[in-house]
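Pasting run-v6.cif here (mmCIF, C-alpha atoms and all ligand atoms):
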```cif
data_data
loop_
_atom_site.group_PDB
_atom_site.id
_atom_site.type_symbol
_atom_site.label_atom_id
_atom_site.label_comp_id
_atom_site.auth_asym_id
_atom_site.auth_seq_id
_atom_site.Cartn_x
_atom_site.Cartn_y
_atom_site.Cartn_z
ATOM 1 C CA MET A 1 9.262 -6.834 -15.780
ATOM 2 C CA LYS A 2 7.668 -4.497 -18.337
ATOM 3 C CA ASP A 3 6.016 -2.359 -15.633
ATOM 4 C CA SER A 4 8.989 -2.278 -13.305
ATOM 5 C CA ILE A 5 11.002 0.836 -12.536
ATOM 6 C CA ALA A 6 14.547 1.280 -11.333
ATOM 7 C CA VAL A 7 15.083 4.251 -9.043
ATOM 8 C CA ILE A 8 18.604 5.620 -8.845
ATOM 9 C CA SER A 9 19.886 8.623 -6.933
ATOM 10 C CA ASP A 10 22.901 10.456 -5.567
ATOM 11 C CA ILE A 11 25.384 9.254 -8.166
ATOM 12 C CA HIS A 12 27.631 12.246 -7.396
ATOM 13 C CA GLY A 13 30.014 11.834 -10.299
ATOM 14 C CA ASN A 14 30.726 8.182 -9.531
ATOM 15 C CA ILE A 15 30.803 6.725 -13.048
ATOM 16 C CA THR A 16 31.977 3.308 -11.843
ATOM 17 C CA ALA A 17 28.947 2.928 -9.601
ATOM 18 C CA LEU A 18 26.600 4.234 -12.301
ATOM 19 C CA ASP A 19 27.946 1.824 -14.933
ATOM 20 C CA THR A 20 27.586 -1.082 -12.518
ATOM 21 C CA VAL A 21 24.013 -0.199 -11.615
ATOM 22 C CA LEU A 22 22.986 0.384 -15.251
ATOM 23 C CA LYS A 23 24.427 -3.004 -16.212
ATOM 24 C CA GLU A 24 22.358 -4.646 -13.481
ATOM 25 C CA ILE A 25 19.230 -2.767 -14.601
ATOM 26 C CA ARG A 26 19.740 -3.959 -18.196
ATOM 27 C CA GLN A 27 20.323 -7.563 -17.063
ATOM 28 C CA ARG A 28 17.012 -7.433 -15.201
ATOM 29 C CA ASN A 29 15.233 -5.988 -18.272
ATOM 30 C CA ILE A 30 13.873 -3.067 -16.297
ATOM 31 C CA PRO A 31 12.573 -0.705 -18.967
ATOM 32 C CA ARG A 32 12.293 2.542 -17.052
ATOM 33 C CA ILE A 33 14.711 4.461 -14.847
ATOM 34 C CA VAL A 34 13.775 7.351 -12.590
ATOM 35 C CA CYS A 35 16.776 9.318 -11.343
ATOM 36 C CA LEU A 36 16.260 11.328 -8.165
ATOM 37 C CA GLY A 37 19.146 13.700 -8.753
ATOM 38 C CA ASP A 38 22.464 14.701 -7.276
ATOM 39 C CA LEU A 39 24.358 13.837 -10.411
ATOM 40 C CA ILE A 40 27.380 15.979 -9.650
ATOM 41 C CA GLY A 41 29.986 16.514 -6.965
ATOM 42 C CA LYS A 42 32.142 14.303 -4.769
ATOM 43 C CA GLY A 43 33.212 11.921 -7.574
ATOM 44 C CA PRO A 44 35.459 12.644 -10.578
ATOM 45 C CA ALA A 45 33.023 12.374 -13.506
ATOM 46 C CA SER A 46 30.149 14.825 -13.055
ATOM 47 C CA CYS A 47 29.749 15.629 -16.771
ATOM 48 C CA ARG A 48 29.701 11.987 -17.858
ATOM 49 C CA VAL A 49 27.190 11.157 -15.141
ATOM 50 C CA ILE A 50 24.953 14.035 -16.274
ATOM 51 C CA ASP A 51 25.062 12.862 -19.891
ATOM 52 C CA ILE A 52 24.433 9.198 -19.131
ATOM 53 C CA CYS A 53 21.649 9.858 -16.627
ATOM 54 C CA ARG A 54 19.916 12.233 -19.052
ATOM 55 C CA GLU A 55 20.164 9.624 -21.814
ATOM 56 C CA GLU A 56 19.259 6.511 -19.828
ATOM 57 C CA SER A 57 16.581 7.869 -17.466
ATOM 58 C CA SER A 58 12.953 8.518 -18.292
ATOM 59 C CA VAL A 59 13.110 11.445 -15.922
ATOM 60 C CA VAL A 60 15.779 13.147 -13.814
ATOM 61 C CA ILE A 61 14.746 15.122 -10.713
ATOM 62 C CA LYS A 62 16.832 17.986 -9.347
ATOM 63 C CA GLY A 63 18.968 17.146 -6.312
ATOM 64 C CA ASN A 64 20.398 19.536 -3.746
ATOM 65 C CA TRP A 65 23.874 19.462 -5.327
ATOM 66 C CA ASP A 66 22.351 20.035 -8.789
ATOM 67 C CA ASP A 67 20.581 23.055 -7.331
ATOM 68 C CA VAL A 68 23.366 24.621 -5.261
ATOM 69 C CA ALA A 69 26.126 24.033 -7.822
ATOM 70 C CA THR A 70 24.180 25.844 -10.555
ATOM 71 C CA ARG A 71 23.564 29.036 -8.584
ATOM 72 C CA ALA A 72 25.322 32.274 -9.530
ATOM 73 C CA HIS A 73 26.912 32.545 -6.095
ATOM 74 C CA ILE A 74 28.241 29.415 -4.406
ATOM 75 C CA GLU A 75 29.373 29.907 -0.824
ATOM 76 C CA SER A 76 31.207 26.621 -0.351
ATOM 77 C CA ASP A 77 34.683 26.299 -1.921
ATOM 78 C CA PHE A 78 34.165 22.550 -1.973
ATOM 79 C CA VAL A 79 30.930 22.757 -3.983
ATOM 80 C CA ARG A 80 32.322 25.538 -6.223
ATOM 81 C CA TRP A 81 35.263 23.343 -7.229
ATOM 82 C CA PHE A 82 32.906 20.649 -8.474
ATOM 83 C CA ALA A 83 30.609 23.206 -10.119
ATOM 84 C CA ASP A 84 33.602 24.536 -12.056
ATOM 85 C CA GLN A 85 34.038 21.070 -13.620
ATOM 86 C CA VAL A 86 30.627 21.399 -15.301
ATOM 87 C CA ASP A 87 30.179 23.531 -18.428
ATOM 88 C CA ASP A 88 27.448 26.153 -18.758
ATOM 89 C CA GLU A 89 25.273 24.084 -21.093
ATOM 90 C CA ARG A 90 25.075 21.216 -18.621
ATOM 91 C CA LYS A 91 24.513 23.676 -15.760
ATOM 92 C CA MET A 92 21.557 25.127 -17.670
ATOM 93 C CA ASP A 93 20.232 21.608 -18.106
ATOM 94 C CA LEU A 94 20.630 20.859 -14.382
ATOM 95 C CA SER A 95 18.971 24.101 -13.356
ATOM 96 C CA SER A 96 15.913 23.264 -15.466
ATOM 97 C CA LEU A 97 15.344 19.834 -13.902
ATOM 98 C CA PRO A 98 11.934 19.349 -12.278
ATOM 99 C CA LEU A 99 11.512 19.120 -8.487
ATOM 100 C CA CYS A 100 9.077 16.223 -8.617
ATOM 101 C CA TYR A 101 7.549 13.687 -10.956
ATOM 102 C CA ASN A 102 4.224 11.895 -10.689
ATOM 103 C CA LEU A 103 3.710 8.454 -12.090
ATOM 104 C CA MET A 104 0.724 6.097 -12.125
ATOM 105 C CA LEU A 105 1.721 2.515 -11.457
ATOM 106 C CA GLY A 106 -1.386 0.359 -11.710
ATOM 107 C CA ASN A 107 -3.937 2.228 -9.619
ATOM 108 C CA LYS A 108 -1.322 3.855 -7.405
ATOM 109 C CA ARG A 109 0.053 7.342 -7.909
ATOM 110 C CA ILE A 110 3.708 7.620 -7.000
ATOM 111 C CA ARG A 111 5.421 10.971 -6.473
ATOM 112 C CA PHE A 112 9.186 11.088 -6.837
ATOM 113 C CA PHE A 113 11.360 13.886 -5.444
ATOM 114 C CA HIS A 114 14.838 14.374 -4.003
ATOM 115 C CA ALA A 115 14.108 15.923 -0.592
ATOM 116 C CA SER A 116 10.567 17.280 -0.888
ATOM 117 C CA GLN A 117 8.263 18.277 -3.707
ATOM 118 C CA GLU A 118 8.886 21.973 -2.936
ATOM 119 C CA SER A 119 12.681 21.927 -2.610
ATOM 120 C CA PRO A 120 15.649 19.689 -3.365
ATOM 121 C CA LEU A 121 17.220 20.944 -0.105
ATOM 122 C CA ILE A 122 14.659 20.223 2.623
HETATM 123 FE FE FE B 1 21.121 14.981 -1.966
#
```

Please express what this file holds, its structure, as structure tokens.
Ligand SMILES: [Fe+2]
Amino acid sequence: MKDSIAVISDIHGNITALDTVLKEIRQRNIPRIVCLGDLIGKGPASCRVIDICREESSVVIKGNWDDVATRAHIESDFVRWFADQVDDERKMDLSSLPLCYNLMLGNKRIRFFHASQESPLI
């Protein structure tokens, strides 16, 4: 299992789901986690999910919610409410997340991204 990777994504503030998945990953001795973003929104624990994903993952990619919720102007009241739950330091961290990540696994190159390598939205 030393070369295996767990890929997680779209946690959306759901700390219960994240804890459950991380427990399973540990039980399987999977040493590396790649998180494909969308840490915030929808669920009640965006900040805790950001902190845990940043600590537990080898890399975190920017998701569409991580992108939209860290913009200066947010059109959606729904998204703005969740963005307001996240402090500026964590927003800065989210806004600096990469859009893609390349990894060699054996002789295969794997590219990870949320929606595309150019944008977390499309
Ligand atoms: Fe998404």

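With only C-alpha atoms as the basis for measurement, A:Arg71 is the residue among A:Asn29, A:Arg71, A:Ile5, A:Leu18 that approaches Ser96 in chain A most closely.
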
Exercise for the section: Around ligand FE 1 (chain B), at most 6 Å away and counting all atoms listed in the file, which residues are there? Put them as a VMD selection string, please. Expected result: chain A and resid 38 63 to 64

Write out, as a PDB file, in the frame of the given file, the residues just selected, with C-alpha atoms.
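File selection.pdb, as written:
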```pdb
ATOM      1  CA  ASP A  38      22.464  14.701  -7.276  1.00  0.00           C
ATOM      2  CA  GLY A  63      18.968  17.146  -6.312  1.00  0.00           C
ATOM      3  CA  ASN A  64      20.398  19.536  -3.746  1.00  0.00           C
TER       4      ASN A  64
END
```

Handout entry: All residues 12 Å or closer to Ser46 in chain A, all atoms listed in the file, same chain fewer than 2 positions away omitted, as number ranges by chain
Key = A: 10-16, 18, 37-44, 48-53, 65-66, 69, 81-87, 90-91, 94

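One finds CA of Arg28 in chain A at 18.3 Å from CA of Ser9 in chain A.
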
Fill in the blank from the handout: As a check of understanding: the span from CA of Thr20 in chain A to CA of Leu36 in chain A is 17.4 Å

Practice task
Report the residues retrieved by the PyMOL selection byres (((chain A and resi 105) around 12) and not hetatm) from the displayed file, expressed as a VMD selection string.
Solution key: chain A and resid 2 to 5 32 102 to 104 106 to 111

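Interatomic distance, CA of Arg26 in chain A against CA of Ser57 in chain A: 12.3 Å.
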
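Run against this file, the PyMOL selection byres (((chain A and resi 61) around 7) and not hetatm) gives back Cys35, Leu36, Gly37, Val59, Val60, Lys62, Gly63, Leu97, Pro98, Leu99, Cys100, Phe113 and His114 of chain A.
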
Handout entry: Residues matched by the PyMOL selection byres (((chain A and resi 7) around 6) and not hetatm), written as a ChimeraX atom specification
Key = /A:6,8,33-35

Can you sort out the box for range 82-99 of chain A, edges along x, y and z, all listed atoms in, 4 Å on every side, with centre and edge lengths in Å to one decimal, as lines of an AutoDock Vina configuration file?
```
center_x = 22.8
center_y = 22.6
center_z = -14.8
size_x = 30.5
size_y = 15.0
size_z = 20.6
```

If I only have part of range 23-39 of chain A, can you fill in N, CA, C and O atoms and write it as a CSV table (one decimal), in the coordinates of the input?
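Once written, selection-v5.csv looks like this:
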```csv
chain,number,residue,atom,x,y,z
A,23,LYS,N,24.2,-1.6,-15.7
A,23,LYS,CA,24.4,-3.0,-16.2
A,23,LYS,C,23.4,-4.0,-15.5
A,23,LYS,O,22.8,-4.8,-16.2
A,24,GLU,N,23.3,-3.8,-14.2
A,24,GLU,CA,22.4,-4.6,-13.5
A,24,GLU,C,20.9,-4.4,-13.9
A,24,GLU,O,20.1,-5.3,-14.1
A,25,ILE,N,20.6,-3.1,-14.2
A,25,ILE,CA,19.2,-2.8,-14.6
A,25,ILE,C,18.9,-3.4,-16.0
A,25,ILE,O,17.9,-3.9,-16.2
A,26,ARG,N,19.9,-3.3,-16.9
A,26,ARG,CA,19.7,-4.0,-18.2
A,26,ARG,C,19.6,-5.5,-18.1
A,26,ARG,O,18.7,-6.1,-18.7
A,27,GLN,N,20.4,-6.1,-17.2
A,27,GLN,CA,20.3,-7.6,-17.1
A,27,GLN,C,19.0,-8.0,-16.5
A,27,GLN,O,18.5,-9.1,-16.8
A,28,ARG,N,18.3,-7.1,-15.8
A,28,ARG,CA,17.0,-7.4,-15.2
A,28,ARG,C,15.9,-7.0,-16.1
A,28,ARG,O,14.7,-7.1,-15.7
A,29,ASN,N,16.2,-6.4,-17.3
A,29,ASN,CA,15.2,-6.0,-18.3
A,29,ASN,C,14.2,-5.0,-17.7
A,29,ASN,O,13.0,-5.0,-18.0
A,30,ILE,N,14.7,-4.1,-16.9
A,30,ILE,CA,13.9,-3.1,-16.3
A,30,ILE,C,13.8,-1.9,-17.3
A,30,ILE,O,14.9,-1.4,-17.7
A,31,PRO,N,12.6,-1.6,-17.8
A,31,PRO,CA,12.6,-0.7,-19.0
A,31,PRO,C,12.6,0.8,-18.6
A,31,PRO,O,12.9,1.6,-19.5
A,32,ARG,N,12.4,1.1,-17.4
A,32,ARG,CA,12.3,2.5,-17.1
A,32,ARG,C,13.1,2.9,-15.8
A,32,ARG,O,13.1,2.2,-14.8
A,33,ILE,N,13.9,4.0,-15.9
A,33,ILE,CA,14.7,4.5,-14.8
A,33,ILE,C,14.2,5.8,-14.4
A,33,ILE,O,14.1,6.7,-15.3
A,34,VAL,N,14.0,6.0,-13.2
A,34,VAL,CA,13.8,7.4,-12.6
A,34,VAL,C,15.0,7.7,-11.8
A,34,VAL,O,15.4,7.0,-10.9
A,35,CYS,N,15.6,8.9,-12.1
A,35,CYS,CA,16.8,9.3,-11.3
A,35,CYS,C,16.4,10.5,-10.4
A,35,CYS,O,15.8,11.5,-10.9
A,36,LEU,N,16.7,10.3,-9.2
A,36,LEU,CA,16.3,11.3,-8.2
A,36,LEU,C,17.3,12.4,-7.9
A,36,LEU,O,17.3,13.1,-6.9
A,37,GLY,N,18.3,12.5,-8.8
A,37,GLY,CA,19.1,13.7,-8.8
A,37,GLY,C,20.4,13.5,-8.0
A,37,GLY,O,20.8,12.4,-7.6
A,38,ASP,N,21.1,14.6,-7.8
A,38,ASP,CA,22.5,14.7,-7.3
A,38,ASP,C,23.4,13.9,-8.2
A,38,ASP,O,24.0,12.9,-7.8
A,39,LEU,N,23.5,14.4,-9.4
A,39,LEU,CA,24.4,13.8,-10.4
A,39,LEU,C,25.8,14.2,-10.2
A,39,LEU,O,26.7,13.5,-10.5
```
